[in-house]
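Colleague: What follows is entry23.cif, made up of mmCIF, C-alpha atoms:
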```
data_start
loop_
_atom_site.label_atom_id
_atom_site.label_comp_id
_atom_site.auth_asym_id
_atom_site.auth_seq_id
_atom_site.Cartn_x
_atom_site.Cartn_y
_atom_site.Cartn_z
CA MET C 1 65.61 -44.50 18.04
CA GLU C 2 65.22 -46.22 14.70
CA TYR C 3 61.56 -45.19 14.60
CA LEU C 4 62.37 -41.56 15.37
CA SER C 5 65.13 -41.48 12.78
CA SER C 6 62.87 -42.91 10.13
CA SER C 7 60.12 -40.43 10.94
CA ASP C 8 62.50 -37.45 10.79
CA SER C 9 63.84 -38.58 7.44
CA GLU C 10 60.38 -38.87 5.94
CA GLU C 11 59.44 -35.41 7.22
CA ASP C 12 62.60 -33.91 5.72
CA ILE C 13 61.81 -35.46 2.36
CA GLU C 14 58.27 -34.10 2.47
CA ILE C 15 59.53 -30.60 3.31
CA ILE C 16 62.08 -30.69 0.47
CA GLU C 17 59.45 -31.88 -2.02
CA HIS C 18 57.08 -29.15 -0.85
CA ILE C 19 59.73 -26.47 -1.34
CA LEU C 20 60.68 -27.76 -4.78
CA SER C 21 57.05 -27.93 -5.86
CA LYS C 22 56.43 -24.28 -5.05
CA LYS C 23 57.10 -21.82 -7.84
CA LYS C 24 59.66 -19.13 -7.20
CA ASN C 25 58.00 -15.80 -6.33
CA ILE C 26 59.13 -13.71 -9.29
CA ILE C 27 57.80 -10.14 -9.47
CA PRO C 28 57.02 -9.14 -13.09
CA LYS C 29 59.12 -6.19 -14.31
CA ILE C 30 59.49 -4.13 -17.46
CA ASN C 31 62.46 -5.48 -19.39
CA ASN C 32 64.77 -3.19 -21.39
CA TYR C 33 62.83 -0.06 -20.47
CA ILE C 34 65.80 2.24 -21.09
CA THR C 35 66.86 0.75 -24.44
CA ASP C 36 63.36 0.17 -25.83
CA VAL C 37 61.49 3.18 -24.43
CA VAL C 38 63.77 5.94 -23.07
CA HIS C 39 66.14 5.85 -26.05
CA ALA C 40 63.13 6.15 -28.37
CA TYR C 41 61.86 9.30 -26.63
CA THR C 42 62.07 12.55 -28.51
CA ASP C 43 63.75 15.36 -26.54
CA PRO C 44 60.42 16.92 -25.49
CA GLN C 45 59.13 13.49 -24.43
CA PHE C 46 62.28 12.85 -22.40
CA LYS C 47 61.95 16.17 -20.60
CA GLY C 48 58.26 15.56 -20.01
CA SER C 49 59.04 12.26 -18.27
CA PHE C 50 62.25 13.14 -16.44
CA ARG C 51 61.62 16.92 -16.08
CA MET C 52 65.17 17.46 -17.27
CA GLU C 53 66.87 17.85 -20.65
CA ARG C 54 68.49 14.72 -22.06
CA CYS C 55 71.91 16.44 -22.25
CA THR C 56 71.71 17.41 -18.56
CA ALA C 57 70.80 13.88 -17.47
CA TYR C 58 73.61 12.28 -19.46
CA TYR C 59 76.08 14.86 -18.17
CA VAL C 60 75.25 13.54 -14.68
CA VAL C 61 75.54 9.95 -15.97
CA LYS C 62 79.06 10.63 -17.22
CA MET C 63 80.13 12.29 -13.96
CA PHE C 64 78.73 9.40 -11.92
CA GLU C 65 80.42 6.77 -14.09
CA GLU C 66 83.79 8.44 -13.53
CA SER C 67 83.28 8.70 -9.77
CA ILE C 68 84.26 6.27 -7.04
CA PHE C 69 80.57 5.77 -6.17
CA PHE C 70 79.83 3.71 -9.28
CA PRO C 71 80.81 0.09 -8.48
CA LYS C 72 82.31 -0.79 -11.84
CA ASN C 73 83.61 -4.23 -10.84
CA ASN C 74 81.39 -5.14 -7.91
CA LEU C 75 77.93 -5.31 -9.44
CA SER C 76 76.31 -8.74 -9.40
CA ASP C 77 74.29 -7.72 -12.47
CA PRO C 78 76.40 -6.13 -15.25
CA THR C 79 73.25 -4.74 -16.88
CA ILE C 80 72.90 -2.21 -14.03
CA THR C 81 74.88 0.60 -15.66
CA SER C 82 75.62 4.16 -14.63
CA GLU C 83 72.83 5.19 -17.00
CA ASN C 84 70.43 2.93 -15.09
CA HIS C 85 71.58 4.44 -11.77
CA ILE C 86 71.04 8.07 -12.74
CA LEU C 87 67.89 7.75 -14.85
CA SER C 88 66.09 5.68 -12.23
CA PHE C 89 67.05 8.18 -9.50
CA ILE C 90 65.94 11.16 -11.60
CA TRP C 91 62.65 9.41 -12.37
CA PHE C 92 62.08 8.78 -8.66
CA SER C 93 62.92 12.42 -7.81
CA ALA C 94 60.88 14.01 -10.58
CA ASN C 95 57.67 11.99 -10.24
CA LYS C 96 55.31 11.25 -7.38
CA CYS C 97 55.86 7.50 -7.34
CA SER C 98 57.02 4.81 -4.95
CA LEU C 99 60.39 3.09 -4.98
CA ARG C 100 58.64 -0.15 -5.93
CA ASP C 101 57.17 1.51 -9.03
CA VAL C 102 60.62 2.73 -10.09
CA SER C 103 62.27 -0.66 -9.55
CA GLU C 104 59.63 -2.46 -11.62
CA ARG C 105 59.77 0.16 -14.38
CA PHE C 106 63.55 -0.08 -14.73
CA GLY C 107 63.63 -3.87 -14.33
CA ILE C 108 65.52 -3.86 -11.03
CA GLY C 109 64.88 -5.55 -7.71
CA LEU C 110 63.45 -3.37 -4.95
CA THR C 111 66.49 -3.81 -2.69
CA THR C 112 68.84 -3.08 -5.59
CA GLN C 113 66.93 0.12 -6.40
CA PHE C 114 67.21 1.18 -2.76
CA ARG C 115 71.01 0.73 -2.94
CA ILE C 116 71.14 2.58 -6.27
CA ASN C 117 69.38 5.59 -4.75
CA ASN C 118 71.82 5.58 -1.83
CA ARG C 119 74.84 5.49 -4.17
CA VAL C 120 73.53 8.36 -6.30
CA MET C 121 72.66 10.47 -3.25
CA ASP C 122 76.14 9.91 -1.77
CA PHE C 123 77.65 10.92 -5.11
CA LEU C 124 75.59 14.12 -5.42
CA VAL C 125 76.25 15.14 -1.82
CA SER C 126 80.00 14.59 -2.38
CA ILE C 127 80.04 17.08 -5.30
CA SER C 128 77.65 19.57 -3.67
CA SER C 129 80.43 22.04 -2.81
CA LYS C 130 81.35 22.19 -6.50
CA PHE C 131 77.87 23.37 -7.51
CA ILE C 132 76.58 25.12 -4.35
CA ASN C 133 78.99 27.88 -3.32
CA PHE C 134 79.78 31.62 -3.27
CA ASN C 135 82.57 31.24 -5.84
CA GLU C 136 81.25 34.01 -8.09
CA GLY C 137 82.40 36.56 -5.52
CA SER C 138 80.67 39.39 -3.73
CA VAL C 139 81.38 42.03 -6.39
CA GLY C 140 79.90 39.98 -9.23
CA LEU C 141 76.89 38.89 -7.20
CA SER C 142 76.18 42.45 -6.02
CA GLN C 143 76.37 43.91 -9.54
CA GLU C 144 74.03 41.30 -10.99
CA PHE C 145 71.52 41.62 -8.15
CA GLN C 146 71.46 45.40 -8.58
CA LYS C 147 70.38 44.86 -12.20
CA VAL C 148 67.29 42.98 -10.97
CA SER C 149 65.61 45.88 -9.15
CA GLY C 150 68.27 48.42 -8.16
CA MET C 151 68.94 47.10 -4.63
CA PRO C 152 72.64 47.73 -3.86
CA GLY C 153 75.05 45.44 -2.00
CA VAL C 154 72.94 42.26 -2.21
CA ILE C 155 74.82 38.95 -2.60
CA GLY C 156 71.91 36.56 -1.95
CA CYS C 157 68.32 36.03 -0.83
CA ILE C 158 67.59 33.78 2.14
CA ASP C 159 64.45 31.96 3.23
CA GLY C 160 63.22 28.65 4.58
CA SER C 161 60.96 26.19 2.80
CA SER C 162 58.87 23.47 4.43
CA ILE C 163 59.35 19.98 2.95
CA PRO C 164 56.43 17.73 4.03
CA ILE C 165 57.58 14.30 5.19
CA ARG C 166 56.23 11.22 6.92
CA THR C 167 57.15 11.05 10.60
CA PRO C 168 60.74 9.69 10.62
CA ALA C 169 61.39 6.25 12.08
CA HIS C 170 61.85 6.22 15.87
CA LYS C 171 60.85 9.91 16.12
CA ILE C 172 57.92 11.64 17.79
CA LYS C 173 55.50 13.29 15.35
CA SER C 174 55.01 16.45 17.43
CA THR C 175 58.76 17.15 17.18
CA TYR C 176 58.50 17.61 13.41
CA THR C 177 55.05 19.17 12.95
CA ASN C 178 54.91 22.72 11.62
CA ARG C 179 52.22 25.32 12.35
CA HIS C 180 49.83 23.44 10.02
CA ASP C 181 50.27 20.24 12.07
CA ILE C 182 52.11 18.57 9.17
CA PRO C 183 55.41 16.73 9.79
CA SER C 184 58.09 18.56 7.82
CA ILE C 185 61.78 19.31 7.44
CA THR C 186 62.97 22.89 6.87
CA LEU C 187 65.20 23.62 3.90
CA GLN C 188 67.03 26.91 4.47
CA ALA C 189 68.62 28.25 1.32
CA ILE C 190 70.36 31.31 -0.12
CA CYS C 191 69.98 31.88 -3.86
CA ASP C 192 71.72 34.12 -6.37
CA TYR C 193 70.32 36.25 -9.20
CA LYS C 194 70.07 33.19 -11.51
CA LYS C 195 67.94 31.31 -8.95
CA ARG C 196 70.81 28.96 -8.17
CA PHE C 197 71.44 27.82 -4.63
CA ILE C 198 74.67 29.22 -3.18
CA ASP C 199 74.11 27.83 0.31
CA VAL C 200 71.73 25.19 1.70
CA PHE C 201 71.09 23.89 5.20
CA THR C 202 68.52 21.24 6.01
CA GLY C 203 67.59 18.67 8.62
CA ALA C 204 65.95 20.96 11.19
CA PRO C 205 62.37 19.96 12.14
CA GLY C 206 59.58 22.11 10.71
CA LYS C 207 58.60 23.10 14.24
CA ILE C 208 61.69 25.30 14.62
CA HIS C 209 61.41 29.01 13.74
CA ASP C 210 63.32 30.20 10.64
CA ALA C 211 65.48 32.54 12.72
CA ARG C 212 66.48 29.66 14.99
CA VAL C 213 67.29 27.46 11.99
CA PHE C 214 69.50 30.25 10.66
CA ALA C 215 71.29 30.49 14.01
CA LEU C 216 71.97 26.74 13.87
CA SER C 217 73.49 26.92 10.37
CA ASP C 218 77.19 27.49 9.70
CA ILE C 219 76.51 30.37 7.32
CA SER C 220 75.21 32.54 10.18
CA LYS C 221 78.70 32.44 11.74
CA GLU C 222 80.57 32.81 8.45
CA LEU C 223 78.73 35.74 6.85
CA PRO C 224 79.96 38.52 9.22
CA SER C 225 83.59 37.64 8.56
CA MET C 226 83.11 36.83 4.86
CA TYR C 227 81.63 40.13 3.69
CA GLY C 228 81.83 42.56 6.61
CA THR C 229 79.49 45.53 6.41
CA LYS C 230 79.65 46.37 2.70
CA TYR C 231 77.56 43.47 1.39
CA HIS C 232 74.53 41.67 2.75
CA ILE C 233 71.92 39.01 2.14
CA ILE C 234 68.22 39.84 2.36
CA GLY C 235 65.39 37.94 4.05
CA ASP C 236 61.84 38.41 5.25
CA GLY C 237 60.68 39.72 8.61
CA ALA C 238 61.18 36.33 10.27
CA TYR C 239 64.91 37.14 10.57
CA SER C 240 66.66 39.60 12.86
CA ILE C 241 68.16 42.58 11.06
CA ARG C 242 71.95 42.80 10.92
CA GLU C 243 74.47 44.75 8.86
CA TRP C 244 74.95 41.60 6.77
CA LEU C 245 71.26 40.50 6.77
CA LEU C 246 68.63 43.09 5.91
CA VAL C 247 64.87 42.72 6.30
CA PRO C 248 62.00 44.99 5.13
CA TYR C 249 60.40 47.70 7.22
CA LYS C 250 57.42 46.57 9.27
CA ASN C 251 54.19 48.40 8.55
CA TYR C 252 52.84 49.97 11.73
CA GLY C 253 50.48 52.25 9.82
CA ASN C 254 52.89 55.19 9.49
CA PHE C 255 54.95 54.29 6.42
CA THR C 256 56.85 57.14 4.78
CA GLU C 257 57.21 57.34 1.00
CA SER C 258 60.89 56.39 1.20
CA GLN C 259 60.05 53.28 3.25
CA ILE C 260 57.43 52.25 0.69
CA ILE C 261 59.97 52.64 -2.13
CA PHE C 262 62.54 50.63 -0.15
CA ASN C 263 60.11 47.78 0.58
CA LYS C 264 58.99 47.56 -3.05
CA THR C 265 62.57 47.40 -4.26
CA PHE C 266 63.46 44.96 -1.50
CA CYS C 267 60.57 42.59 -2.27
CA ALA C 268 61.24 42.71 -6.02
CA THR C 269 64.68 41.30 -5.23
CA ARG C 270 63.75 38.90 -2.44
CA VAL C 271 61.07 37.20 -4.56
CA LEU C 272 63.91 35.35 -6.30
CA ILE C 273 64.23 32.90 -3.41
CA GLU C 274 60.49 32.17 -3.53
CA ASN C 275 60.79 31.48 -7.26
CA THR C 276 63.82 29.27 -6.64
CA PHE C 277 61.92 27.08 -4.18
CA GLY C 278 59.00 26.92 -6.61
CA LEU C 279 61.25 25.76 -9.46
CA LEU C 280 62.91 23.17 -7.22
CA LYS C 281 59.57 21.62 -6.27
CA SER C 282 58.20 21.91 -9.81
CA ARG C 283 61.13 19.88 -11.14
CA PHE C 284 61.52 17.41 -8.27
CA ARG C 285 57.95 16.62 -7.29
CA GLN C 286 58.97 14.04 -4.73
CA LEU C 287 59.65 17.07 -2.50
CA LEU C 288 55.91 17.81 -2.39
CA GLN C 289 55.55 14.88 0.02
CA LEU C 290 58.74 13.03 0.85
CA ASP C 291 58.19 9.40 1.85
CA ILE C 292 61.59 8.41 3.27
CA HIS C 293 61.99 6.79 6.68
CA TYR C 294 65.20 8.26 8.13
CA VAL C 295 66.26 11.87 8.68
CA ASP C 296 69.79 11.39 7.31
CA LYS C 297 68.36 9.97 4.06
CA ILE C 298 65.82 12.80 3.89
CA THR C 299 68.53 15.45 4.16
CA LYS C 300 70.73 13.69 1.58
CA PHE C 301 67.82 13.53 -0.85
CA ILE C 302 66.97 17.22 -0.42
CA ILE C 303 70.59 18.30 -0.97
CA SER C 304 70.84 15.96 -3.98
CA CYS C 305 67.84 17.71 -5.55
CA CYS C 306 69.45 21.11 -4.89
CA VAL C 307 72.64 19.96 -6.65
CA LEU C 308 70.67 18.71 -9.67
CA HIS C 309 68.71 22.00 -9.69
CA ASN C 310 71.95 23.99 -9.96
CA MET C 311 73.26 21.69 -12.70
CA CYS C 312 70.10 22.37 -14.70
CA ILE C 313 70.44 26.15 -14.25
CA ASN C 314 74.11 26.02 -15.31
CA MET C 315 73.14 24.15 -18.49
CA ASN C 316 70.23 26.51 -19.27
CA ASP C 317 67.82 23.64 -18.66
CA GLU C 318 64.69 25.60 -17.80
CA ILE C 319 61.35 24.40 -16.49
CA GLU C 320 58.06 26.21 -16.05
CA LEU C 321 57.01 27.17 -12.56
CA ASP C 322 54.04 25.06 -11.47
CA ASN C 323 51.37 27.51 -10.30
CA GLU C 324 49.54 24.72 -8.46
CA ILE C 325 52.36 24.51 -5.92
CA GLY C 326 51.38 26.67 -2.97
CA PRO C 327 53.68 28.97 -0.96
CA SER C 328 56.69 27.08 0.31
CA THR C 329 57.19 29.22 3.37
CA ASP C 330 55.13 30.02 6.42
CA PRO C 331 53.95 33.58 7.16
CA GLU C 332 56.39 35.77 9.01
CA ASN C 333 56.42 35.52 12.79
CA ASP C 334 58.28 37.88 15.06
CA PHE C 335 61.40 36.53 16.67
CA ILE C 336 62.77 38.09 19.86
CA ASP C 337 66.10 39.75 19.07
CA SER C 338 68.21 40.24 22.18
CA ASP C 339 71.26 41.80 20.51
CA PHE C 340 70.48 45.53 20.59
CA ASN C 341 73.76 46.81 19.10
CA GLN C 342 73.74 44.53 16.06
CA ARG C 343 70.10 45.36 15.40
CA LYS C 344 70.79 49.10 15.54
CA ASN C 345 73.72 48.74 13.14
CA GLY C 346 71.51 46.84 10.72
CA GLU C 347 68.76 49.45 10.97
CA SER C 348 71.26 52.25 10.30
CA LYS C 349 72.52 50.50 7.18
CA ARG C 350 68.95 49.90 5.99
CA ASP C 351 68.10 53.59 6.49
CA ALA C 352 71.17 54.60 4.46
CA ILE C 353 70.14 52.33 1.57
CA LYS C 354 66.55 53.63 1.82
CA ASN C 355 67.77 57.19 1.46
CA SER C 356 69.99 56.34 -1.49
CA LEU C 357 67.10 54.62 -3.29
CA GLN C 358 64.89 57.67 -2.73
CA TYR C 359 67.60 59.94 -4.09
CA PHE C 360 68.09 57.96 -7.29
#
```
Translate this file's structure into structure tokens.

Modeller:
Amino acid sequence: MEYLSSSDSEEDIEIIEHILSKKKNIIPKINNYITDVVHAYTDPQFKGSFRMERCTAYYVVKMFEESIFFPKNNLSDPTITSENHILSFIWFSANKCSLRDVSERFGIGLTTQFRINNRVMDFLVSISSKFINFNEGSVGLSQEFQKVSGMPGVIGCIDGSSIPIRTPAHKIKSTYTNRHDIPSITLQAICDYKKRFIDVFTGAPGKIHDARVFALSDISKELPSMYGTKYHIIGDGAYSIREWLLVPYKNYGNFTESQIIFNKTFCATRVLIENTFGLLKSRFRQLLQLDIHYVDKITKFIISCCVLHNMCINMNDEIELDNEIGPSTDPENDFIDSDFNQRKNGESKRDAIKNSLQYF
């Protein structure tokens, strides 16, 4: 027993000496990046790096600092400020880079940066109803949309956009692959005349048809009671026509002049949603290929980008549309519509608008 005890003690001493002799694995980081570099940026340089005006970014910083999501008294490192939270998240969203790259750039540990992103996403999702809504009212929306191309009664444009992702953890790839065999999440959105989002719904796999995604969303149940038959949203041929959701005429080779005029006017208005998706992905380039493991985090990130997009529009923070970004939606595919009466009512309303456009 004495021999064993002596041997164990010697081994313990050797292990302790070995541990103490090893240098601590410290990952080199950029120190004081915000104070030394970001604060020295001119306004054009700041927007070039963060794809957002300085005033917009610091407006978000102030809101976050005043929210319950900023842990004022619970941070182990007091140098991790609200400014650090928001700027690092915006950098991650606006640039095609990894989380490790962001953490090293802003002088933060990788795990800490992961928690920062989660806090900021929870904050932005919590205020989403303040920035994404129909609060302007149907009358105001309809009047402004009519100024775009003359289409009456429009309160929004709807479409779905494919957000490429990696196959989520513990999920089967084929469940999320779209028609191009790329794993993706569908972002369904309705925009207004300013290219702001007024409703978003995401989380559905890219494999699901746009019409089915719309049926799963809450807005499909709310629209008939919200605006009745006077107002409507407009979408492409992937959707079923209703009194409150109009789609263009299909070309079977026998178009009349009035149908051609209607479709041109219709498409001149509906293109706003395509432009909105293009601006969203031009500003937040992480959406070009989202590398997040879990579906709930993916949906939070997408909604967070939509909230920031609306904040930028509200503050006249414009960005050029990136022409290199391809179409965000898939070509139209027919969807079987089993509700004959609602379809006929929608077609009657569309014919009435077609005739009024021809008259004027």

Colleague: Near Thr269 in chain C, within 12 Å and counting only C-alpha atoms, which residues show up once chain neighbours fewer than 5 positions away are dropped, as a VMD selection string?

Modeller: chain C and resid 142 144 to 158 191 to 195 233 to 236 246 to 248 262 to 264 274 to 275

Colleague: Take CA of Phe197 in chain C and CA of Asn84 in chain C and report the distance between them in Å, one decimal.

Modeller: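 Computing the Euclidean distance for CA of Phe197 in chain C and CA of Asn84 in chain C yields 27.0 Å.
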
Colleague: Quick one, how far is CA of Gly48 in chain C from CA of Ile34 in chain C?

Modeller: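 Between CA of Gly48 in chain C and CA of Ile34 in chain C the gap is 15.3 Å.
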
Colleague: Residues within 8 Å of range 128-135 of chain C, please, as an MDAnalysis selection string. Count all atoms listed in the file; anything in the same chain fewer than 6 positions from it doesn't count.

Modeller: chainID C and resid 196:200 303:304 307 310:311

Colleague: Which one of C:Lys96, C:Lys29, C:Lys171, C:Lys349 sits closest to Phe284 in chain C if you count only C-alpha atoms?

Modeller: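 Going through C:Lys96, C:Lys29, C:Lys171, C:Lys349 one by one, the smallest distance to Phe284 in chain C is for C:Lys96.
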
Colleague: Expanded to explicit residues, what is the PyMOL selection byres ((chain C and resi 342) around 12) for this file, as a list in words?

Modeller: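 The output of the PyMOL selection byres ((chain C and resi 342) around 12) on this file is Pro224, Thr229, Ser240, Ile241, Arg242, Glu243, Trp244, Leu245, Leu246, Asp337, Ser338, Asp339, Phe340, Asn341, Arg343, Lys344, Asn345, Gly346, Glu347, Ser348 and Lys349 of chain C.
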
Colleague: Hey, can you pull every residue with an atom no more than 12 Å from (67.3, 57.0, -2.6), using only C-alpha atoms, and send it as JSON, numbers by chain?

Modeller: {"C": [150, 151, 152, 257, 258, 259, 260, 261, 262, 265, 350, 351, 352, 353, 354, 355, 356, 357, 358, 359, 360]}

Colleague: Take the residues that were just selected and, keeping C-alpha atoms, output them as a PDB file, in the frame of the given file.

Modeller:
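Okay, this is what ended up in selection.pdb:
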```pdb
ATOM      1  CA  GLY C 150      68.270  48.420  -8.160  1.00  0.00           C
ATOM      2  CA  MET C 151      68.940  47.100  -4.630  1.00  0.00           C
ATOM      3  CA  PRO C 152      72.640  47.730  -3.860  1.00  0.00           C
ATOM      4  CA  GLU C 257      57.210  57.340   1.000  1.00  0.00           C
ATOM      5  CA  SER C 258      60.890  56.390   1.200  1.00  0.00           C
ATOM      6  CA  GLN C 259      60.050  53.280   3.250  1.00  0.00           C
ATOM      7  CA  ILE C 260      57.430  52.250   0.690  1.00  0.00           C
ATOM      8  CA  ILE C 261      59.970  52.640  -2.130  1.00  0.00           C
ATOM      9  CA  PHE C 262      62.540  50.630  -0.150  1.00  0.00           C
ATOM     10  CA  THR C 265      62.570  47.400  -4.260  1.00  0.00           C
ATOM     11  CA  ARG C 350      68.950  49.900   5.990  1.00  0.00           C
ATOM     12  CA  ASP C 351      68.100  53.590   6.490  1.00  0.00           C
ATOM     13  CA  ALA C 352      71.170  54.600   4.460  1.00  0.00           C
ATOM     14  CA  ILE C 353      70.140  52.330   1.570  1.00  0.00           C
ATOM     15  CA  LYS C 354      66.550  53.630   1.820  1.00  0.00           C
ATOM     16  CA  ASN C 355      67.770  57.190   1.460  1.00  0.00           C
ATOM     17  CA  SER C 356      69.990  56.340  -1.490  1.00  0.00           C
ATOM     18  CA  LEU C 357      67.100  54.620  -3.290  1.00  0.00           C
ATOM     19  CA  GLN C 358      64.890  57.670  -2.730  1.00  0.00           C
ATOM     20  CA  TYR C 359      67.600  59.940  -4.090  1.00  0.00           C
ATOM     21  CA  PHE C 360      68.090  57.960  -7.290  1.00  0.00           C
TER      22      PHE C 360
END
```

Colleague: Work out how far CA of Lys281 in chain C is from CA of Met52 in chain C, in Å to one decimal.

Modeller: 13.0 Å

Colleague: Hey, what's within 12 Å of Asp101 in chain C if we count all atoms listed in the file and toss same-chain stuff fewer than 2 positions away? As a VMD selection string, please?

Modeller: chain C and resid 27 to 30 88 to 89 91 to 92 95 to 99 103 to 110 113 to 114

Colleague: What do you get, as a list in words, if you spell out every residue that the PyMOL selection byres ((chain C and resi 186-188) around 8) selects here?

Modeller: Ile158, Asp159, Gly160, Ser161, Ser162, Ile163, Ser184, Ile185, Ala189, Ile190, Val200, Phe201, Thr202, Gly203, Ala204, Pro205, Gly206, Asp210, Val213, Phe214 and Ile302 of chain C

Colleague: Would you tabulate, counting all atoms listed in the file, all residues of range 93-122 of chain C that have an atom at most 12 Å from an atom of range 54-65 of chain C, showing the closest pair of atoms and their distance in Å to one decimal, sorted by chain then ascending number, as CSV?

Modeller:
```
residue,atom,partner,partner_atom,distance
C:Ile116,CA,C:Phe64,CA,11.7
C:Arg119,CA,C:Phe64,CA,9.5
C:Val120,CA,C:Phe64,CA,7.7
C:Met121,CA,C:Phe64,CA,10.6
C:Asp122,CA,C:Phe64,CA,10.5
```

Colleague: Hey, what comes out of the PyMOL selection byres ((chain C and resi 47) around 12) on this file? Could you write it as a PyMOL selection string?

Modeller: chain C and resi 38+41-46+48-57+87+90-91+94-95+283+312+317-320

Colleague: Return the padded bounding box of range 149-166 of chain C as JSON: axis-aligned, built from all atoms listed in the file, 5 Å added on each side, with centre and edge lengths in Å to one decimal.

Modeller:
```
{"center_x": 65.6, "center_y": 29.8, "center_z": -1.1, "size_x": 28.8, "size_y": 47.2, "size_z": 26.1}
```
